[in-house]
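Note: the block below is protein-v9.csv and it holds CSV, C-alpha atoms.
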```csv
chain,number,residue,atom,x,y,z
A,19,MET,CA,95.9,102.4,118.7
A,20,THR,CA,98.9,104.6,118.9
A,21,GLY,CA,101.7,104.9,121.4
A,22,SER,CA,104.6,107.1,122.1
A,23,ALA,CA,107.0,104.2,122.1
A,24,ILE,CA,107.5,100.8,120.5
A,25,THR,CA,108.6,97.7,122.4
A,26,VAL,CA,110.3,95.2,120.1
A,27,SER,CA,110.8,91.5,121.0
A,28,HIS,CA,114.1,89.8,121.0
A,29,GLY,CA,115.9,92.9,122.3
A,30,SER,CA,118.8,93.4,124.6
A,31,ASP,CA,117.4,94.2,128.0
A,32,PHE,CA,116.9,91.7,130.9
A,33,PHE,CA,113.4,90.9,129.6
A,34,GLY,CA,114.5,90.4,126.0
A,35,VAL,CA,113.0,93.6,124.7
A,36,ASP,CA,114.0,97.0,123.5
A,37,THR,CA,111.8,100.1,123.8
A,38,VAL,CA,112.3,103.0,121.4
A,39,PRO,CA,110.4,106.3,120.9
A,40,VAL,CA,108.1,106.3,117.9
A,41,LYS,CA,109.3,109.7,116.8
A,42,ALA,CA,113.0,108.5,116.7
A,43,VAL,CA,112.0,105.3,114.7
A,44,ARG,CA,110.1,107.4,112.2
A,45,GLU,CA,113.0,109.8,111.8
A,46,LEU,CA,115.3,106.8,111.3
A,47,GLY,CA,113.0,105.8,108.4
A,48,GLU,CA,113.7,109.1,106.7
A,49,TYR,CA,117.5,108.6,107.0
A,50,VAL,CA,117.1,105.1,105.5
A,51,ARG,CA,115.8,106.6,102.3
A,52,GLY,CA,119.1,108.6,102.0
A,53,ILE,CA,121.4,105.7,103.0
A,54,LEU,CA,120.2,102.5,101.4
A,55,PRO,CA,119.9,102.0,97.6
A,56,ALA,CA,116.4,102.4,96.3
A,57,ALA,CA,116.2,98.7,95.3
A,58,ASP,CA,116.8,97.6,98.9
A,59,ARG,CA,115.3,100.2,101.2
A,60,GLU,CA,111.5,100.0,100.8
A,61,PRO,CA,110.6,97.2,103.3
A,62,LEU,CA,112.6,98.9,106.0
A,63,ALA,CA,111.7,102.4,105.2
A,64,ARG,CA,108.0,101.6,105.1
A,65,LEU,CA,108.2,99.8,108.5
A,66,LEU,CA,110.1,102.6,110.2
A,67,GLU,CA,108.0,105.4,108.7
A,68,THR,CA,104.7,103.9,109.8
A,69,ALA,CA,106.0,103.0,113.3
A,70,GLY,CA,103.4,103.7,115.9
A,71,GLU,CA,100.4,103.3,113.6
A,72,ALA,CA,99.7,99.6,114.5
A,73,GLU,CA,101.4,96.8,116.3
A,74,ARG,CA,103.5,94.5,114.0
A,75,ARG,CA,104.2,90.8,113.8
A,76,ILE,CA,107.1,90.2,111.4
A,77,ASP,CA,107.9,86.7,110.4
A,78,SER,CA,111.4,85.5,111.1
A,79,ASP,CA,112.4,85.3,107.4
A,80,GLN,CA,111.5,89.0,106.9
A,81,ALA,CA,113.2,89.8,110.2
A,82,ALA,CA,116.4,88.3,108.8
A,83,LEU,CA,116.3,90.7,105.8
A,84,LEU,CA,115.4,93.7,108.0
A,85,ALA,CA,118.4,92.8,110.3
A,86,VAL,CA,120.8,93.1,107.3
A,87,LEU,CA,119.3,96.4,106.2
A,88,LEU,CA,119.3,97.8,109.8
A,89,ARG,CA,123.0,96.9,110.2
A,90,ARG,CA,123.9,98.5,106.9
A,91,THR,CA,122.0,101.6,108.1
A,92,ALA,CA,123.7,101.6,111.5
A,93,ALA,CA,127.2,101.4,109.8
A,94,ALA,CA,126.5,104.3,107.4
A,95,LYS,CA,129.1,107.1,107.6
A,96,GLY,CA,127.5,110.4,108.7
A,97,LEU,CA,124.5,108.9,110.4
A,98,LYS,CA,123.9,110.6,113.8
A,99,LYS,CA,125.0,108.5,116.7
A,100,LYS,CA,121.4,108.5,118.2
A,101,TYR,CA,120.0,106.9,115.0
A,102,ALA,CA,123.0,104.6,114.5
A,103,GLU,CA,122.4,103.2,118.0
A,104,ILE,CA,118.6,102.7,117.3
A,105,ALA,CA,119.4,101.0,114.0
A,106,ALA,CA,121.9,98.8,115.7
A,107,ARG,CA,119.6,97.8,118.5
A,108,LEU,CA,116.7,97.1,116.1
A,109,GLY,CA,119.1,95.1,113.9
A,110,ILE,CA,120.2,92.9,116.7
A,111,ALA,CA,116.6,92.3,117.8
A,112,ALA,CA,115.6,91.4,114.2
A,113,ALA,CA,118.6,89.1,113.9
A,114,ASN,CA,117.7,87.4,117.2
A,115,SER,CA,114.2,86.8,116.0
A,116,ALA,CA,115.5,85.3,112.8
A,117,ALA,CA,118.0,83.1,114.7
A,118,ASP,CA,115.2,81.9,117.0
A,119,ALA,CA,112.8,81.3,114.0
A,120,GLU,CA,110.2,83.3,116.0
A,121,PRO,CA,108.1,86.3,114.9
A,122,TRP,CA,109.6,89.7,115.7
A,123,THR,CA,106.8,91.7,117.4
A,124,TRP,CA,106.4,95.5,117.8
A,125,THR,CA,104.1,96.5,120.6
A,126,LEU,CA,102.9,100.0,121.2
A,127,THR,CA,103.3,101.5,124.6
A,128,ASP,CA,103.1,104.9,126.3
A,129,GLU,CA,106.4,104.3,128.1
A,130,GLU,CA,108.8,107.2,128.2
A,131,THR,CA,112.2,106.3,126.7
A,132,GLY,CA,115.5,108.0,126.5
```
Would you kindly transcribe this structure into structure tokens?
Amino acid sequence: MTGSAITVSHGSDFFGVDTVPVKAVRELGEYVRGILPAADREPLARLLETAGEAERRIDSDQAALLAVLLRRTAAAKGLKKKYAEIAARLGIAAANSAADAEPWTWTLTDEETG
């Protein structure tokens, strides 16, 4: 199954989700490779670069690690605003998942997003 967007749990909207375009998430994965040190980036880079290939269920411990990596990415100097915002939103959702001790889920949708 593939979709044009990913809806992640523990997000910021009224329903507690965030929806982001697959293309933008994959592009963010490419930026991660240039931002984070090689020793740290692989779990996040792989997740982002394979976005849209399958639905994901990430345990809360892994979500806590990803939240840190996403926040570091969002804070990187020179990262385009569009990608910094996506990284920040995903980082918040991952942190919320970790704080709630619940899996962080990524569901594929065909919803158009901005």
Within 10 Å of region 122-128 of chain A, which residues of region 32-68 of chain A show up? Give each one with its shortest atom-to-atom distance in Å (one decimal) and the two atoms involved, counting only C-alpha atoms, rows by chain then rising residue number, as a tab-separated table.
```
residue	atom	partner	partner_atom	distance
A:Val35	CA	A:Trp124	CA	9.7
A:Asp36	CA	A:Trp124	CA	9.6
A:Thr37	CA	A:Thr127	CA	8.7
A:Val38	CA	A:Thr127	CA	9.7
A:Pro39	CA	A:Asp128	CA	9.2
A:Val40	CA	A:Leu126	CA	8.8
```
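Minimum distance to Val43 (chain A) across A:Leu66, A:Ala105, A:Ala93, A:Ala116 (counting all atoms listed in the file) occurs at A:Leu66.
For the residues A:Arg44, A:Arg59, A:Arg75, A:His28, ranking by smallest atom-to-atom distance to Leu88 (chain A) using only C-alpha atoms places A:Arg59 first.
Applying the 12 Å criterion to (112.4, 105.9, 104.0) in file coordinates and using only C-alpha atoms, one obtains the residues A:Val43, A:Arg44, A:Glu45, A:Leu46, A:Gly47, A:Glu48, A:Tyr49, A:Val50, A:Arg51, A:Gly52, A:Ile53, A:Leu54, A:Pro55, A:Ala56, A:Ala57, A:Asp58, A:Arg59, A:Glu60, A:Pro61, A:Leu62, A:Ala63, A:Arg64, A:Leu65, A:Leu66, A:Glu67, A:Thr68, A:Ala69, A:Leu87, A:Thr91.
Residue nearest Ile24 (chain A), chosen from A:Leu108, A:Ala92, A:Ala119, A:Leu83 and counting all atoms listed in the file: A:Leu108.
Distance check against Glu73 (chain A) using only C-alpha atoms: of A:Ala23, A:Ala85, A:Ile110, A:Leu97, the minimum falls on A:Ala23.
Rounded to one decimal, CA of Arg89 (chain A) and CA of Arg74 (chain A) lie 20.0 Å from each other.
In this comparison, which uses all atoms listed in the file, the residue of A:Ala117, A:Gly34, A:Val26, A:Lys41 approaching Tyr101 (chain A) most closely is A:Lys41.
Separating CA of Gly70 (chain A) from CA of Ser27 (chain A) is a distance of 15.2 Å.
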Work out how far CA of Gly96 (chain A) is from CA of Asp79 (chain A), in Å to one decimal.
-> 29.3 Å
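Considering the residues A:Ala113, A:Ala42, A:Ala72, A:Ile104 and counting only C-alpha atoms, Val86 (chain A) has its shortest atom-to-atom contact with A:Ala113.
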Is there a way to complete region 111-124 of chain A with N, CA, C and O atoms and then write that out as a PDB file, in the frame of the given file?
```
ATOM      1  N   ALA A 111     117.897  92.918 117.446  1.00  0.00           N
ATOM      2  CA  ALA A 111     116.600  92.300 117.800  1.00  0.00           C
ATOM      3  C   ALA A 111     116.058  91.507 116.604  1.00  0.00           C
ATOM      4  O   ALA A 111     115.573  90.379 116.757  1.00  0.00           O
ATOM      5  N   ALA A 112     116.135  92.094 115.408  1.00  0.00           N
ATOM      6  CA  ALA A 112     115.600  91.400 114.200  1.00  0.00           C
ATOM      7  C   ALA A 112     116.453  90.139 113.949  1.00  0.00           C
ATOM      8  O   ALA A 112     115.892  89.087 113.617  1.00  0.00           O
ATOM      9  N   ALA A 113     117.765  90.235 114.107  1.00  0.00           N
ATOM     10  CA  ALA A 113     118.600  89.100 113.900  1.00  0.00           C
ATOM     11  C   ALA A 113     118.326  87.972 114.931  1.00  0.00           C
ATOM     12  O   ALA A 113     118.317  86.784 114.598  1.00  0.00           O
ATOM     13  N   ASN A 114     118.088  88.366 116.172  1.00  0.00           N
ATOM     14  CA  ASN A 114     117.700  87.400 117.200  1.00  0.00           C
ATOM     15  C   ASN A 114     116.431  86.690 116.866  1.00  0.00           C
ATOM     16  O   ASN A 114     116.290  85.479 117.056  1.00  0.00           O
ATOM     17  N   SER A 115     115.457  87.433 116.377  1.00  0.00           N
ATOM     18  CA  SER A 115     114.200  86.800 116.000  1.00  0.00           C
ATOM     19  C   SER A 115     114.412  85.823 114.867  1.00  0.00           C
ATOM     20  O   SER A 115     113.867  84.714 114.908  1.00  0.00           O
ATOM     21  N   ALA A 116     115.212  86.191 113.886  1.00  0.00           N
ATOM     22  CA  ALA A 116     115.500  85.300 112.800  1.00  0.00           C
ATOM     23  C   ALA A 116     116.223  84.022 113.270  1.00  0.00           C
ATOM     24  O   ALA A 116     115.882  82.905 112.873  1.00  0.00           O
ATOM     25  N   ALA A 117     117.201  84.218 114.140  1.00  0.00           N
ATOM     26  CA  ALA A 117     118.000  83.100 114.700  1.00  0.00           C
ATOM     27  C   ALA A 117     117.091  82.135 115.479  1.00  0.00           C
ATOM     28  O   ALA A 117     117.288  80.915 115.445  1.00  0.00           O
ATOM     29  N   ASP A 118     116.121  82.699 116.193  1.00  0.00           N
ATOM     30  CA  ASP A 118     115.200  81.900 117.000  1.00  0.00           C
ATOM     31  C   ASP A 118     114.051  81.321 116.195  1.00  0.00           C
ATOM     32  O   ASP A 118     113.245  80.560 116.733  1.00  0.00           O
ATOM     33  N   ALA A 119     113.947  81.719 114.925  1.00  0.00           N
ATOM     34  CA  ALA A 119     112.800  81.300 114.000  1.00  0.00           C
ATOM     35  C   ALA A 119     111.482  81.631 114.705  1.00  0.00           C
ATOM     36  O   ALA A 119     110.550  80.841 114.674  1.00  0.00           O
ATOM     37  N   GLU A 120     111.421  82.818 115.300  1.00  0.00           N
ATOM     38  CA  GLU A 120     110.200  83.300 116.000  1.00  0.00           C
ATOM     39  C   GLU A 120     109.831  84.659 115.363  1.00  0.00           C
ATOM     40  O   GLU A 120     110.709  85.407 114.929  1.00  0.00           O
ATOM     41  N   PRO A 121     108.535  84.996 115.364  1.00  0.00           N
ATOM     42  CA  PRO A 121     108.100  86.300 114.900  1.00  0.00           C
ATOM     43  C   PRO A 121     108.763  87.432 115.696  1.00  0.00           C
ATOM     44  O   PRO A 121     108.951  87.295 116.904  1.00  0.00           O
ATOM     45  N   TRP A 122     109.062  88.518 115.013  1.00  0.00           N
ATOM     46  CA  TRP A 122     109.600  89.700 115.700  1.00  0.00           C
ATOM     47  C   TRP A 122     108.373  90.624 115.869  1.00  0.00           C
ATOM     48  O   TRP A 122     107.699  91.016 114.916  1.00  0.00           O
ATOM     49  N   THR A 123     108.054  90.941 117.106  1.00  0.00           N
ATOM     50  CA  THR A 123     106.800  91.700 117.400  1.00  0.00           C
ATOM     51  C   THR A 123     107.195  93.134 117.837  1.00  0.00           C
ATOM     52  O   THR A 123     108.195  93.363 118.517  1.00  0.00           O
ATOM     53  N   TRP A 124     106.340  94.055 117.403  1.00  0.00           N
ATOM     54  CA  TRP A 124     106.400  95.500 117.800  1.00  0.00           C
ATOM     55  C   TRP A 124     105.129  95.800 118.516  1.00  0.00           C
ATOM     56  O   TRP A 124     104.054  95.755 117.916  1.00  0.00           O
TER      57      TRP A 124
END
```
